[in-house]
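Only one structure is covered here, and it is reproduced in the block below.
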Amino acid sequence: MFSQRLKELRKLRGLSQAALSQLLGVSQQAVGKWETGRSTPDPQTVAAIAAELGVSADYLLGVEGEAPARRGPVVPYRAAQECRIPVIGTVRAGYGALALEEDYGEEYARVKDPDSYFYLKVKGDSMEPRISDGDLALVHRQNTLNSGELGVVVFGEGEGTLKKYVVRGNTVVLQPFNPAYPSQILVGEDLDHLYIAGKVVETKTKW
């Protein structure tokens, strides 16, 4: 029921999966999985989706049979705006906070809350073939990641790195896409030195 209503409402509002994903700060793949029923968002995200689509969470989840009537005049849907996002080259952790270093100027992105995003200039080939050296990764600032998501993480006093974040029981695995590089496995006290800078919501090649 949720997947069907989500898809119907998205189309009714004239939104693509990509546009809705940017409004919610998630990946387009996540929206696609919700619409095919392969996964379901957490309650907080369901509430955010409902607010964006102008219905109640209960309607989205199938608890209410009909969408509630709108109150007052219909307001045109508010799309994300093209905003200038800072491009940085290094993420480091220190003194309990994350520092964004190396200023590479700005790049445009269509997001609703520009202060919650930054671009990271990718270094190295550990994420080949999907992400190349010099590409730009649009990162949503947050200190948690779900297993399987792509994020920017800092381990210990090192430099931030873009990796797939995988949780296996009490272990966190930082996986590169390039098979020539080994995964980094963090357990026990290692996890106390892991800092999450944010979730990668999209990448693009910068020529």
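Residues in the structure tokens are named by chain (A, B, ... in the order shown) and by number from 1 within that chain; ligands are numbered from 1 in the order shown.
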**Which of range 9-197 of chain A fall in strand (DSSP E), as a count of residues only** = 67
**Message:** Residues of range 17-168 of chain A classed as helix (DSSP H, G or I) by DSSP on the backbone are to be reported as a PyMOL selection string.
**Reply:** chain A and resi 17-24+28-36+43-53+57-61+114-116
For the residues in the current selection, export N, CA and C atoms as an mmCIF file, in the first residue's frame.
```
data_model
loop_
_atom_site.group_PDB
_atom_site.id
_atom_site.type_symbol
_atom_site.label_atom_id
_atom_site.label_comp_id
_atom_site.auth_asym_id
_atom_site.auth_seq_id
_atom_site.Cartn_x
_atom_site.Cartn_y
_atom_site.Cartn_z
ATOM 1 N N GLN A 17 11.522 10.787 -9.481
ATOM 2 C CA GLN A 17 12.161 10.158 -8.316
ATOM 3 C C GLN A 17 13.376 10.965 -7.870
ATOM 4 N N ALA A 18 14.129 11.486 -8.829
ATOM 5 C CA ALA A 18 15.321 12.273 -8.502
ATOM 6 C C ALA A 18 14.950 13.547 -7.744
ATOM 7 N N ALA A 19 13.869 14.218 -8.190
ATOM 8 C CA ALA A 19 13.458 15.457 -7.530
ATOM 9 C C ALA A 19 13.007 15.190 -6.097
ATOM 10 N N LEU A 20 12.235 14.112 -5.903
ATOM 11 C CA LEU A 20 11.772 13.789 -4.554
ATOM 12 C C LEU A 20 12.948 13.393 -3.664
ATOM 13 N N SER A 21 13.907 12.668 -4.213
ATOM 14 C CA SER A 21 15.056 12.246 -3.411
ATOM 15 C C SER A 21 15.860 13.443 -2.932
ATOM 16 N N GLN A 22 16.001 14.477 -3.776
ATOM 17 C CA GLN A 22 16.738 15.674 -3.385
ATOM 18 C C GLN A 22 15.993 16.456 -2.308
ATOM 19 N N LEU A 23 14.678 16.500 -2.409
ATOM 20 C CA LEU A 23 13.885 17.190 -1.388
ATOM 21 C C LEU A 23 14.018 16.508 -0.027
ATOM 22 N N LEU A 24 14.141 15.195 -0.041
ATOM 23 C CA LEU A 24 14.206 14.430 1.203
ATOM 24 C C LEU A 24 15.633 14.208 1.699
ATOM 25 N N GLN A 28 18.285 8.615 -5.047
ATOM 26 C CA GLN A 28 17.201 8.232 -5.943
ATOM 27 C C GLN A 28 16.941 6.736 -5.849
ATOM 28 N N GLN A 29 18.008 5.957 -5.613
ATOM 29 C CA GLN A 29 17.847 4.508 -5.476
ATOM 30 C C GLN A 29 16.941 4.165 -4.293
ATOM 31 N N ALA A 30 17.035 4.957 -3.216
ATOM 32 C CA ALA A 30 16.191 4.708 -2.048
ATOM 33 C C ALA A 30 14.717 4.894 -2.400
ATOM 34 N N VAL A 31 14.412 5.974 -3.127
ATOM 35 C CA VAL A 31 13.023 6.222 -3.538
ATOM 36 C C VAL A 31 12.540 5.091 -4.436
ATOM 37 N N GLY A 32 13.407 4.649 -5.346
ATOM 38 C CA GLY A 32 13.033 3.548 -6.231
ATOM 39 C C GLY A 32 12.712 2.275 -5.471
ATOM 40 N N LYS A 33 13.492 1.984 -4.438
ATOM 41 C CA LYS A 33 13.248 0.784 -3.633
ATOM 42 C C LYS A 33 11.940 0.911 -2.862
ATOM 43 N N TRP A 34 11.638 2.112 -2.373
ATOM 44 C CA TRP A 34 10.362 2.303 -1.656
ATOM 45 C C TRP A 34 9.186 2.052 -2.596
ATOM 46 N N GLU A 35 9.290 2.535 -3.832
ATOM 47 C CA GLU A 35 8.171 2.433 -4.767
ATOM 48 C C GLU A 35 7.982 1.012 -5.303
ATOM 49 N N THR A 36 9.023 0.209 -5.262
ATOM 50 C CA THR A 36 8.892 -1.185 -5.703
ATOM 51 C C THR A 36 8.652 -2.122 -4.528
ATOM 52 N N PRO A 43 9.998 5.638 10.367
ATOM 53 C CA PRO A 43 8.848 6.504 10.642
ATOM 54 C C PRO A 43 9.129 7.992 10.449
ATOM 55 N N GLN A 44 10.319 8.446 10.814
ATOM 56 C CA GLN A 44 10.654 9.860 10.657
ATOM 57 C C GLN A 44 10.663 10.248 9.180
ATOM 58 N N THR A 45 11.208 9.376 8.351
ATOM 59 C CA THR A 45 11.248 9.655 6.916
ATOM 60 C C THR A 45 9.853 9.586 6.308
ATOM 61 N N VAL A 46 9.029 8.659 6.778
ATOM 62 C CA VAL A 46 7.642 8.591 6.305
ATOM 63 C C VAL A 46 6.924 9.906 6.587
ATOM 64 N N ALA A 47 7.141 10.461 7.773
ATOM 65 C CA ALA A 47 6.526 11.741 8.125
ATOM 66 C C ALA A 47 7.013 12.860 7.211
ATOM 67 N N ALA A 48 8.301 12.841 6.874
ATOM 68 C CA ALA A 48 8.862 13.856 5.985
ATOM 69 C C ALA A 48 8.288 13.726 4.574
ATOM 70 N N ILE A 49 8.129 12.484 4.103
ATOM 71 C CA ILE A 49 7.542 12.258 2.778
ATOM 72 C C ILE A 49 6.106 12.769 2.744
ATOM 73 N N ALA A 50 5.352 12.443 3.797
ATOM 74 C CA ALA A 50 3.956 12.876 3.870
ATOM 75 C C ALA A 50 3.853 14.392 3.833
ATOM 76 N N ALA A 51 4.728 15.072 4.566
ATOM 77 C CA ALA A 51 4.711 16.535 4.596
ATOM 78 C C ALA A 51 5.014 17.113 3.217
ATOM 79 N N GLU A 52 5.980 16.523 2.522
ATOM 80 C CA GLU A 52 6.346 17.006 1.191
ATOM 81 C C GLU A 52 5.213 16.789 0.185
ATOM 82 N N LEU A 53 4.485 15.671 0.320
ATOM 83 C CA LEU A 53 3.444 15.329 -0.642
ATOM 84 C C LEU A 53 2.058 15.835 -0.241
ATOM 85 N N ALA A 57 0.734 10.874 7.237
ATOM 86 C CA ALA A 57 1.527 9.647 7.256
ATOM 87 C C ALA A 57 0.607 8.426 7.259
ATOM 88 N N ASP A 58 -0.519 8.528 7.948
ATOM 89 C CA ASP A 58 -1.470 7.405 7.994
ATOM 90 C C ASP A 58 -1.993 7.068 6.600
ATOM 91 N N TYR A 59 -2.230 8.107 5.784
ATOM 92 C CA TYR A 59 -2.701 7.838 4.423
ATOM 93 C C TYR A 59 -1.608 7.129 3.621
ATOM 94 N N LEU A 60 -0.384 7.600 3.757
ATOM 95 C CA LEU A 60 0.723 6.971 3.031
ATOM 96 C C LEU A 60 0.862 5.499 3.395
ATOM 97 N N LEU A 61 0.672 5.181 4.668
ATOM 98 C CA LEU A 61 0.849 3.812 5.155
ATOM 99 C C LEU A 61 -0.387 2.940 4.971
ATOM 100 N N PRO A 114 20.504 24.286 1.575
ATOM 101 C CA PRO A 114 21.908 24.291 1.131
ATOM 102 C C PRO A 114 22.928 24.260 2.255
ATOM 103 N N ASP A 115 22.584 24.766 3.437
ATOM 104 C CA ASP A 115 23.529 24.758 4.550
ATOM 105 C C ASP A 115 23.825 23.343 5.050
ATOM 106 N N SER A 116 22.994 22.379 4.657
ATOM 107 C CA SER A 116 23.182 21.000 5.110
ATOM 108 C C SER A 116 23.994 20.164 4.135
#
```
Which neighbours of Thr161 in chain A fall inside 8 Å, counting only C-alpha atoms, when residues of the same chain fewer than 2 positions from it are skipped, and could you give them as a compact mmCIF listing (two decimals) with N, CA, C and O atoms, in the first residue's frame?
```
# COMPACT_ATOMS: atom_id res chain seq x y z
N VAL A 91 38.27 16.28 4.53
CA VAL A 91 37.47 16.23 5.75
C VAL A 91 38.33 15.62 6.84
O VAL A 91 38.93 14.56 6.66
N VAL A 152 30.80 9.68 3.64
CA VAL A 152 32.13 10.22 3.87
C VAL A 152 32.45 10.01 5.34
O VAL A 152 31.73 10.51 6.21
N VAL A 153 33.48 9.24 5.62
CA VAL A 153 33.81 8.88 7.00
C VAL A 153 35.27 9.21 7.28
O VAL A 153 36.11 9.23 6.39
N VAL A 154 35.54 9.47 8.55
CA VAL A 154 36.90 9.75 9.01
C VAL A 154 37.23 8.73 10.09
O VAL A 154 36.45 8.57 11.05
N GLU A 159 42.45 11.32 7.12
CA GLU A 159 41.65 12.16 6.24
C GLU A 159 40.35 11.44 5.90
O GLU A 159 40.30 10.22 5.83
N LYS A 163 33.38 5.91 1.16
CA LYS A 163 33.29 4.45 1.14
C LYS A 163 31.84 4.00 1.34
O LYS A 163 31.01 4.75 1.86
```
**Request:** Show which residues sit within 7 Å of range 175-191 of chain A, as number ranges by chain. Count only C-alpha atoms, and ignore same-chain residues fewer than 6 positions away.
**Result:** A: 126-129, 163-165
Can you write just those residues out, N, CA and C atoms, as an mmCIF file, in the first residue's frame?
```cif
data_model
loop_
_atom_site.group_PDB
_atom_site.id
_atom_site.type_symbol
_atom_site.label_atom_id
_atom_site.label_comp_id
_atom_site.auth_asym_id
_atom_site.auth_seq_id
_atom_site.Cartn_x
_atom_site.Cartn_y
_atom_site.Cartn_z
ATOM 1 N N SER A 126 40.034 4.493 -5.424
ATOM 2 C CA SER A 126 39.511 3.372 -4.639
ATOM 3 C C SER A 126 38.033 3.105 -4.905
ATOM 4 N N MET A 127 37.324 4.075 -5.521
ATOM 5 C CA MET A 127 35.897 3.877 -5.797
ATOM 6 C C MET A 127 35.625 3.682 -7.292
ATOM 7 N N GLU A 128 36.699 3.445 -8.057
ATOM 8 C CA GLU A 128 36.521 3.090 -9.470
ATOM 9 C C GLU A 128 35.787 1.744 -9.561
ATOM 10 N N PRO A 129 34.999 1.477 -10.597
ATOM 11 C CA PRO A 129 34.799 2.324 -11.770
ATOM 12 C C PRO A 129 33.649 3.304 -11.643
ATOM 13 N N LYS A 163 33.381 5.915 1.158
ATOM 14 C CA LYS A 163 33.292 4.449 1.140
ATOM 15 C C LYS A 163 31.844 4.000 1.341
ATOM 16 N N LYS A 164 31.572 2.755 0.972
ATOM 17 C CA LYS A 164 30.292 2.133 1.282
ATOM 18 C C LYS A 164 30.332 1.677 2.739
ATOM 19 N N TYR A 165 29.303 2.047 3.488
ATOM 20 C CA TYR A 165 29.245 1.788 4.934
ATOM 21 C C TYR A 165 28.367 0.560 5.161
#
```
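Proximity ranking of A:Thr205, A:Ser16, A:Ser56, A:Ser27 relative to Glu149 in chain A places A:Ser27 first, based on only C-alpha atoms.
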Would you pick out the contacts of Val200 in chain A at 6 Å or less, using only C-alpha atoms, so that residues sharing its chain but fewer than 6 positions from it are not included, and give the list as an mmCIF file with N, CA, C and O atoms, in the first residue's frame?
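The result, stored in selection-v7.cif:
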```cif
data_model
loop_
_atom_site.group_PDB
_atom_site.id
_atom_site.type_symbol
_atom_site.label_atom_id
_atom_site.label_comp_id
_atom_site.auth_asym_id
_atom_site.auth_seq_id
_atom_site.Cartn_x
_atom_site.Cartn_y
_atom_site.Cartn_z
ATOM 1 N N LEU A 138 28.220 15.011 -3.829
ATOM 2 C CA LEU A 138 27.345 15.878 -3.047
ATOM 3 C C LEU A 138 27.009 15.160 -1.748
ATOM 4 O O LEU A 138 26.448 14.058 -1.764
ATOM 5 N N VAL A 139 27.355 15.784 -0.622
ATOM 6 C CA VAL A 139 27.244 15.127 0.681
ATOM 7 C C VAL A 139 26.245 15.868 1.572
ATOM 8 O O VAL A 139 26.329 17.093 1.724
ATOM 9 N N LEU A 150 26.315 5.015 0.938
ATOM 10 C CA LEU A 150 27.617 5.574 0.598
ATOM 11 C C LEU A 150 27.819 6.833 1.432
ATOM 12 O O LEU A 150 26.939 7.703 1.472
ATOM 13 N N GLY A 151 28.951 6.910 2.115
ATOM 14 C CA GLY A 151 29.162 8.054 2.992
ATOM 15 C C GLY A 151 30.598 8.527 3.010
ATOM 16 O O GLY A 151 31.500 7.882 2.455
#
```
**Asked** Which value, in Å to one decimal, gives the distance between CA of Glu106 in chain A and CA of Val87 in chain A?
**Response** 5.2 Å
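The two atoms in question, CA of Tyr195 in chain A and CA of Tyr119 in chain A, are spaced 17.5 Å apart.
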**Prompt:** Between CA of Ala137 in chain A and CA of Leu120 in chain A, what is the spacing in Å?
**Reply:** 5.2 Å
